[in-house]
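Working notes for the structure below.
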Amino acid sequence: MGIIRTTKSVGVLLKEFKKDSIGISATELVKRLSETINKTTIYRVLDKLVEEGTLHSFNGRDGIKWYAKCKDCSILGHKDIHPHFQCLSCNKMDCLSNTIEIPEISNRKVINHQILIQGQCDSCCHNS
């Protein structure tokens, strides 16, 4: 790890991302970990993990913030530019492996981008 110390709180949070390879919402993390870590610490650690390139964050439906594991990112920057898919039935969030190229825009500097695709996941499609 880079700038963040491996405290008990960091270890507990990272363990959640080892269990699931999908995105986890901030509200779900608070719900899961409320007996172990207070809400403020959860958000502070999440921000640090994003800052150092261990996790990336993005907004889902209703503006709720989600987090997922990074691939090949570091404190120097996030390199995993990909869309996310959110199931409107079960709320599952996946990082898609499709590569997205963000266009250069004249007279603009792109600092952040998000691509969220919504629909039904494979499980929900087959249960309909």
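In the structure tokens, the first chain shown is A, the next is B, and so on; residue numbers restart at 1 for each chain, and ligands run from 1 in the order shown.
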
DSSP-assigned strand (DSSP E or B) members of chain A, reported as JSON, numbers by chain: {"A": [24, 25, 55, 56, 57, 58, 59, 65, 66, 67, 68, 69, 74, 77, 84, 85, 86, 87, 93, 94, 95, 116, 117, 118, 119]}

Length of the atom CA of A:Phe17 to atom CA of A:Leu49 vector [Å]: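 Going from atom CA of A:Phe17 over to atom CA of A:Leu49, I get 11.6 Å.
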
Residue neighbourhood A:Val12, 9 Å, only C-alpha atoms, exclusion window fewer than 3 positions, as number ranges by chain: A: 7-9, 15-16, 33, 36-37

Dump of C-alpha atoms for the selected residues, as a compact mmCIF listing (two decimals), in the first residue's frame:
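Below is the file that was written, out-v9.txt:
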# COMPACT_ATOMS: atom_id res chain seq x y z
CA THR A 7 -4.93 -0.07 10.35
CA LYS A 8 -7.65 -2.39 11.60
CA SER A 9 -10.28 -0.20 9.87
CA LYS A 15 -11.81 -7.48 3.34
CA GLU A 16 -15.28 -6.44 2.10
CA LEU A 33 -19.70 -2.45 9.22
CA THR A 36 -17.13 -2.57 13.85
CA ILE A 37 -16.28 0.88 12.44

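On the backbone of this structure, DSSP gives alpha helix (DSSP H) within stretch 42-89 of chain A to Ile42, Tyr43, Arg44, Val45, Leu46, Asp47, Lys48, Leu49, Val50 and Glu51 of chain A.
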
Can you write out the residues you just picked, keeping N, CA and C atoms, as an mmCIF file, in the first residue's frame?
data_model
loop_
_atom_site.group_PDB
_atom_site.id
_atom_site.type_symbol
_atom_site.label_atom_id
_atom_site.label_comp_id
_atom_site.auth_asym_id
_atom_site.auth_seq_id
_atom_site.Cartn_x
_atom_site.Cartn_y
_atom_site.Cartn_z
ATOM 1 N N ILE A 42 -15.362 5.091 8.203
ATOM 2 C CA ILE A 42 -15.593 4.381 6.940
ATOM 3 C C ILE A 42 -15.400 5.336 5.763
ATOM 4 N N TYR A 43 -16.046 6.492 5.809
ATOM 5 C CA TYR A 43 -15.933 7.456 4.710
ATOM 6 C C TYR A 43 -14.502 7.996 4.577
ATOM 7 N N ARG A 44 -13.832 8.241 5.692
ATOM 8 C CA ARG A 44 -12.460 8.754 5.658
ATOM 9 C C ARG A 44 -11.520 7.733 5.018
ATOM 10 N N VAL A 45 -11.646 6.463 5.415
ATOM 11 C CA VAL A 45 -10.801 5.405 4.865
ATOM 12 C C VAL A 45 -11.111 5.187 3.389
ATOM 13 N N LEU A 46 -12.380 5.199 3.006
ATOM 14 C CA LEU A 46 -12.748 5.062 1.591
ATOM 15 C C LEU A 46 -12.106 6.167 0.755
ATOM 16 N N ASP A 47 -12.162 7.398 1.235
ATOM 17 C CA ASP A 47 -11.543 8.517 0.510
ATOM 18 C C ASP A 47 -10.041 8.301 0.336
ATOM 19 N N LYS A 48 -9.379 7.825 1.376
ATOM 20 C CA LYS A 48 -7.932 7.566 1.304
ATOM 21 C C LYS A 48 -7.617 6.430 0.338
ATOM 22 N N LEU A 49 -8.437 5.382 0.338
ATOM 23 C CA LEU A 49 -8.210 4.251 -0.570
ATOM 24 C C LEU A 49 -8.416 4.660 -2.024
ATOM 25 N N VAL A 50 -9.341 5.580 -2.274
ATOM 26 C CA VAL A 50 -9.536 6.111 -3.627
ATOM 27 C C VAL A 50 -8.329 6.972 -4.004
ATOM 28 N N GLU A 51 -7.903 7.804 -3.067
ATOM 29 C CA GLU A 51 -6.774 8.707 -3.300
ATOM 30 C C GLU A 51 -5.497 7.936 -3.660
#

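Counting only C-alpha atoms, the residue from A:Cys121, A:Glu35, A:Gly23, A:Leu29 that sits nearest to A:Cys70 is A:Gly23.
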
Long-range neighbours of A:Asp122 as a PDB file with C-alpha atoms, in the first residue's frame, 12 Å cut-off, only C-alpha atoms, 3 positions minimum in chain:
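Here's the written file out.pdb:
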ATOM      1  CA  PHE A  85     -23.587  -1.537 -15.062  1.00  0.00           C
ATOM      2  CA  GLN A  86     -26.304  -1.243 -12.415  1.00  0.00           C
ATOM      3  CA  CYS A  87     -29.197  -3.676 -12.356  1.00  0.00           C
ATOM      4  CA  LEU A  88     -32.464  -1.808 -11.845  1.00  0.00           C
ATOM      5  CA  SER A  89     -34.085  -4.929 -10.347  1.00  0.00           C
ATOM      6  CA  CYS A  90     -31.545  -6.234  -7.778  1.00  0.00           C
ATOM      7  CA  LYS A  92     -26.117  -5.175  -8.325  1.00  0.00           C
ATOM      8  CA  ASP A  94     -20.563  -4.370 -11.959  1.00  0.00           C
ATOM      9  CA  GLY A 119     -30.797  -2.326 -17.082  1.00  0.00           C
ATOM     10  CA  CYS A 125     -33.318 -11.277 -16.975  1.00  0.00           C
ATOM     11  CA  HIS A 126     -33.735 -15.020 -16.481  1.00  0.00           C
ATOM     12  CA  ASN A 127     -36.037 -14.605 -13.469  1.00  0.00           C
ATOM     13  CA  SER A 128     -38.468 -12.319 -15.318  1.00  0.00           C
TER      14      SER A 128
END

Contacts of A:Pro83 within 10 Å, only C-alpha atoms, excl. fewer than 6 positions in-chain, as a ChimeraX atom specification: /A:58,94-100,113-117

Distance of atom CA of A:Ala68 from atom CA of A:Ile24, expressed in Å to one decimal place: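 These atoms are spaced 6.5 Å apart.
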
Computed interatomic separation between atom CA of A:Glu104 and atom CA of A:Ile64 (Å):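 According to the coordinates, atom CA of A:Glu104 and atom CA of A:Ile64 are separated by 27.7 Å.
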
Minimum-distance residue to A:Ile22, chosen among A:Asn91, A:Asn59, A:Ser34, A:Thr54 (using only C-alpha atoms):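 Between A:Asn91, A:Asn59, A:Ser34, A:Thr54, the residue approaching A:Ile22 most closely is A:Asn91.
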
Top pick for closest residue to A:Ser57, considering A:Pro103, A:His78, A:Lys19, A:Asp72 and counting only C-alpha atoms: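 The closest residue to A:Ser57 is A:His78.
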
Residue among A:Ile105, A:Gly53, A:Gly77, A:Thr27 lying closest to A:Lys39, counting only C-alpha atoms: A:Thr27
